[in-house]
Amino acid sequence: MPNAVSAEPNARWLSACYFFFFSILGLMVPYLGVFFDNRGFNAQEIGFLMAILMGTRIVAPNVWAMVADRTGMRSELVKFGSAAAAITYVSFFFDGSLTYLAISLMIYTFFWNAILAQLEVITLESLGDESHRYGAIRSWGSVGYICLVIAAGFAIGEFGAEIVPALGMVLFIGMFICAMALPSNRVKLSSSAPRPPLKLSSAVVWFLISAILLQMSVGPFYGFFVLYLKQAGYSEGVAGLFVALGVVVEILMFMLAPRLLGRFGVKLLLLVSILLTVLRWVLLAYGVHNIALLSLSQALHAFTFGLTHAASIQFIHRNFDIAHRSKGQALYASLSFGLGGAIGTWISGVIWGDGSGSTHTWFFAAACAGLSLIAALAITEPKPIIKSDSINP
């Protein structure tokens, strides 16, 4: 059995770690495409580079998860990963070719992308039976994302895209400082109990297939949303406000998610969320010049990511035992955000071309989300993801 880890004061430092981790994401995802465009790369090259950002999630979380589950060292790996990411990020300050930037991205994102799965496990194990508090802690990540999406948008508009590396370094250092405050509570498994083999049920397999397809559908958003808005005549600052709108509703959904999951269960909420994601991409294809439709499409981010992610994290946590918990979270992160995000971003760059195919990228996104919906229909999860009596009234 694992040693119990006190939820306090861990919660404060975990919240801070989420804040900085997703602040980095709030800088990288919307604005790396703008940064690469400023460096003179075309859409196919941008799609390739952004796919690397997503693609290292395929390998890194799984490598670190094997170490974490065998040694019980989770907070230690978060500390090491944040330090290594900050150090290797220095390479991003230097101008270089496509090959140079590809190697730079592979190195520092290998460390950075391995952090989140361990944070998720530490958080849920710290909370124990109070897992309904996960949304409150995780929402600080969304706050960080909002802050950087808005601040970076206006900073780029004021100082140019070359400000991105400097902003990133400040955030990487902040992540390292907060990670160092996490107590080194090593989870210990009973040495007398045999380690059960990792088995994936059919429900988990269908869940992972659905997650991969859903993140493929988000590929165009990861790599080209801000460029799409710029093409439509919006500034980086205004584009940042639209991205921030999506994260605001995401935070609200994290607050509501425990109650919804306790009442309706994971499968129904996944189906509703994915269906609304299909609608979101269609609205974005047709309504980019309409403020109301564009705002509605961003409001649906509450379902595309907020509710889907909250349900997915709890689903994985309850379908993998303690001996494989890090592997479960890493598998989810690597296959969905990693494999799915990388494929979706790369294909989006090909479809985008010189910009004339920009609208078609959102039809590709809608098609992927539709396939994700079909896969989610095959998930069998008879029990609610959270017991209703654990939810505050």
# chains A, B, ... in the order shown; residues from 1 in each chain; ligands from 1

call {"tool": "residues_around", "arguments": {"residues": "Tyr234 (chain A)", "least_positions_apart": "5", "cutoff": "12 Å", "atoms": "only C-alpha atoms", "output": "ChimeraX atom specification"}}
result
/A:153,157,225-229,239-242,288-291,294

call {"tool": "write_last_selection", "arguments": {"atoms": "all heavy atoms", "output": "short mmCIF file (atom, residue, chain, number, x, y, z; two decimals), in the first residue's frame"}}
result
data_model
loop_
_atom_site.label_atom_id
_atom_site.label_comp_id
_atom_site.auth_asym_id
_atom_site.auth_seq_id
_atom_site.Cartn_x
_atom_site.Cartn_y
_atom_site.Cartn_z
N GLY A 153 -0.04 37.80 -25.81
CA GLY A 153 -0.62 38.38 -27.02
C GLY A 153 -0.32 39.86 -27.14
O GLY A 153 0.11 40.33 -28.21
N GLY A 157 2.36 41.86 -29.64
CA GLY A 157 1.91 43.00 -30.42
C GLY A 157 2.76 44.24 -30.19
O GLY A 157 2.97 45.04 -31.10
N PHE A 225 -4.68 28.34 -34.70
CA PHE A 225 -5.83 29.17 -34.34
C PHE A 225 -5.50 30.66 -34.40
O PHE A 225 -6.24 31.45 -34.99
CB PHE A 225 -6.34 28.80 -32.95
CG PHE A 225 -7.51 29.62 -32.48
CD1 PHE A 225 -8.74 29.50 -33.10
CD2 PHE A 225 -7.37 30.53 -31.44
CE1 PHE A 225 -9.84 30.26 -32.68
CE2 PHE A 225 -8.46 31.29 -31.01
CZ PHE A 225 -9.69 31.16 -31.64
N VAL A 226 -4.37 31.07 -33.78
CA VAL A 226 -4.01 32.50 -33.79
C VAL A 226 -3.70 32.96 -35.21
O VAL A 226 -4.12 34.05 -35.62
CB VAL A 226 -2.82 32.75 -32.85
CG1 VAL A 226 -2.34 34.19 -32.98
CG2 VAL A 226 -3.22 32.47 -31.40
N LEU A 227 -3.00 32.13 -35.99
CA LEU A 227 -2.74 32.49 -37.39
C LEU A 227 -4.04 32.61 -38.18
O LEU A 227 -4.19 33.47 -39.06
CB LEU A 227 -1.82 31.45 -38.03
CG LEU A 227 -0.36 31.46 -37.59
CD1 LEU A 227 0.39 30.30 -38.25
CD2 LEU A 227 0.31 32.78 -37.92
N TYR A 228 -5.01 31.74 -37.87
CA TYR A 228 -6.31 31.78 -38.53
C TYR A 228 -7.03 33.09 -38.23
O TYR A 228 -7.61 33.72 -39.13
CB TYR A 228 -7.14 30.59 -38.04
CG TYR A 228 -8.49 30.40 -38.69
CD1 TYR A 228 -8.62 30.26 -40.06
CD2 TYR A 228 -9.65 30.33 -37.90
CE1 TYR A 228 -9.86 30.05 -40.65
CE2 TYR A 228 -10.89 30.13 -38.48
CZ TYR A 228 -11.00 29.99 -39.85
OH TYR A 228 -12.24 29.78 -40.42
N LEU A 229 -6.96 33.52 -36.95
CA LEU A 229 -7.59 34.79 -36.59
C LEU A 229 -6.84 35.97 -37.21
O LEU A 229 -7.47 36.96 -37.62
CB LEU A 229 -7.65 34.93 -35.07
CG LEU A 229 -8.53 33.93 -34.32
CD1 LEU A 229 -8.68 34.34 -32.86
CD2 LEU A 229 -9.91 33.79 -34.96
N ALA A 239 -6.74 38.09 -30.53
CA ALA A 239 -6.72 36.62 -30.60
C ALA A 239 -6.48 36.02 -29.22
O ALA A 239 -7.09 35.01 -28.84
CB ALA A 239 -5.63 36.16 -31.58
N GLY A 240 -5.58 36.64 -28.45
CA GLY A 240 -5.32 36.18 -27.10
C GLY A 240 -6.55 36.26 -26.22
O GLY A 240 -6.79 35.38 -25.38
N LEU A 241 -7.37 37.29 -26.41
CA LEU A 241 -8.61 37.42 -25.63
C LEU A 241 -9.58 36.30 -25.97
O LEU A 241 -10.27 35.78 -25.08
CB LEU A 241 -9.24 38.78 -25.89
CG LEU A 241 -8.49 40.00 -25.34
CD1 LEU A 241 -9.18 41.29 -25.76
CD2 LEU A 241 -8.40 39.93 -23.81
N PHE A 242 -9.65 35.92 -27.24
CA PHE A 242 -10.53 34.81 -27.62
C PHE A 242 -10.04 33.49 -27.03
O PHE A 242 -10.84 32.67 -26.58
CB PHE A 242 -10.64 34.71 -29.15
CG PHE A 242 -11.66 35.63 -29.75
CD1 PHE A 242 -11.26 36.69 -30.56
CD2 PHE A 242 -13.01 35.45 -29.50
CE1 PHE A 242 -12.20 37.55 -31.12
CE2 PHE A 242 -13.96 36.30 -30.05
CZ PHE A 242 -13.55 37.36 -30.86
N VAL A 288 -15.75 32.62 -38.39
CA VAL A 288 -14.59 33.35 -37.89
C VAL A 288 -14.76 34.86 -37.98
O VAL A 288 -14.21 35.62 -37.17
CB VAL A 288 -13.31 32.91 -38.65
CG1 VAL A 288 -13.38 33.31 -40.12
CG2 VAL A 288 -12.06 33.46 -37.97
N HIS A 289 -15.55 35.34 -38.94
CA HIS A 289 -15.76 36.77 -39.10
C HIS A 289 -16.96 37.27 -38.29
O HIS A 289 -17.23 38.49 -38.28
CB HIS A 289 -15.96 37.12 -40.58
CG HIS A 289 -14.75 36.84 -41.43
ND1 HIS A 289 -13.62 37.61 -41.38
CD2 HIS A 289 -14.50 35.85 -42.32
CE1 HIS A 289 -12.72 37.13 -42.22
NE2 HIS A 289 -13.23 36.06 -42.81
N ASN A 290 -17.65 36.37 -37.64
CA ASN A 290 -18.81 36.73 -36.82
C ASN A 290 -18.41 36.62 -35.35
O ASN A 290 -18.12 35.54 -34.85
CB ASN A 290 -19.97 35.78 -37.14
CG ASN A 290 -21.26 36.17 -36.44
OD1 ASN A 290 -21.30 36.27 -35.22
ND2 ASN A 290 -22.33 36.37 -37.21
N ILE A 291 -18.41 37.76 -34.65
CA ILE A 291 -17.94 37.79 -33.26
C ILE A 291 -18.76 36.85 -32.37
O ILE A 291 -18.22 36.14 -31.51
CB ILE A 291 -18.01 39.22 -32.70
CG1 ILE A 291 -17.08 40.15 -33.47
CG2 ILE A 291 -17.64 39.22 -31.21
CD1 ILE A 291 -15.62 39.80 -33.34
N LEU A 294 -17.87 33.17 -33.25
CA LEU A 294 -16.51 32.90 -32.80
C LEU A 294 -16.45 32.77 -31.28
O LEU A 294 -15.78 31.88 -30.74
CB LEU A 294 -15.58 34.02 -33.28
CG LEU A 294 -14.09 33.89 -32.94
CD1 LEU A 294 -13.53 32.59 -33.50
CD2 LEU A 294 -13.32 35.09 -33.48
#

call {"tool": "residues_around", "arguments": {"residues": "region 362-368 of chain A", "least_positions_apart": "6", "cutoff": "10 Å", "atoms": "only C-alpha atoms", "output": "PyMOL selection string"}}
result
chain A and resi 210+212-221+225+274-275+277-286+340+344+347-348+351-352

call {"tool": "residues_around", "arguments": {"residues": "Thr99 (chain A)", "least_positions_apart": "6", "cutoff": "12 Å", "atoms": "only C-alpha atoms", "output": "PDB file with C-alpha atoms, in the first residue's frame"}}
result
ATOM      1  CA  PHE A  41       9.050  29.149 -41.746  1.00  0.00           C
ATOM      2  CA  GLU A  45       7.338  23.578 -41.429  1.00  0.00           C
ATOM      3  CA  PHE A  48       6.096  19.893 -38.349  1.00  0.00           C
ATOM      4  CA  LEU A  49       7.663  21.871 -35.492  1.00  0.00           C
ATOM      5  CA  ILE A  52       7.287  17.841 -32.252  1.00  0.00           C
ATOM      6  CA  LEU A 105      12.151  21.368 -29.238  1.00  0.00           C
ATOM      7  CA  MET A 106      12.736  17.631 -28.865  1.00  0.00           C
TER       8      MET A 106
END

call {"tool": "closest_atom_pairs", "arguments": {"of": "region 99-203 of chain A", "to": "region 69-87 of chain A", "cutoff": "8 Å", "atoms": "only C-alpha atoms", "output": "tab-separated table"}}
result
residue	atom	partner	partner_atom	distance
A:Tyr108	CA	A:Ala85	CA	4.8
A:Thr109	CA	A:Ala85	CA	6.9
A:Phe110	CA	A:Ala85	CA	7.9
A:Phe111	CA	A:Gly81	CA	4.9
A:Trp112	CA	A:Ala85	CA	5.5
A:Ala114	CA	A:Gly81	CA	7.0
A:Ile115	CA	A:Val78	CA	5.3
A:Gln118	CA	A:Arg74	CA	5.8
A:Leu119	CA	A:Val78	CA	7.4
A:Ile122	CA	A:Arg74	CA	7.0
A:Met169	CA	A:Ala86	CA	6.7
A:Phe172	CA	A:Ala86	CA	5.1
A:Ile173	CA	A:Ala86	CA	6.2
A:Met175	CA	A:Ser82	CA	6.3
A:Phe176	CA	A:Ser82	CA	5.0
A:Ala179	CA	A:Lys79	CA	5.2
A:Met180	CA	A:Lys79	CA	5.7
A:Leu182	CA	A:Ser75	CA	6.4
A:Pro183	CA	A:Ser75	CA	7.1
A:Ser184	CA	A:Ser75	CA	5.9
A:Asn185	CA	A:Ser75	CA	7.2
A:Arg186	CA	A:Gly72	CA	5.0
A:Val187	CA	A:Gly72	CA	4.4
A:Lys188	CA	A:Gly72	CA	5.8
A:Leu189	CA	A:Gly72	CA	7.8

call {"tool": "atom_distance", "arguments": {"atom1": "CA of Gly357 (chain A)", "atom2": "CA of Ala43 (chain A)"}}
result
10.7 Å

call {"tool": "closest_residue", "arguments": {"among": "A:Gly26, A:Gly47, A:Gly144, A:Gly237", "to": "Gly160 (chain A)", "atoms": "only C-alpha atoms"}}
result
A:Gly237

call {"tool": "closest_residue", "arguments": {"among": "A:Gly168, A:Gly341, A:Gly262, A:Gly223", "to": "Leu148 (chain A)", "atoms": "only C-alpha atoms"}}
result
A:Gly168

call {"tool": "atom_distance", "arguments": {"atom1": "CA of Ala378 (chain A)", "atom2": "CA of Ile58 (chain A)"}}
result
24.0 Å
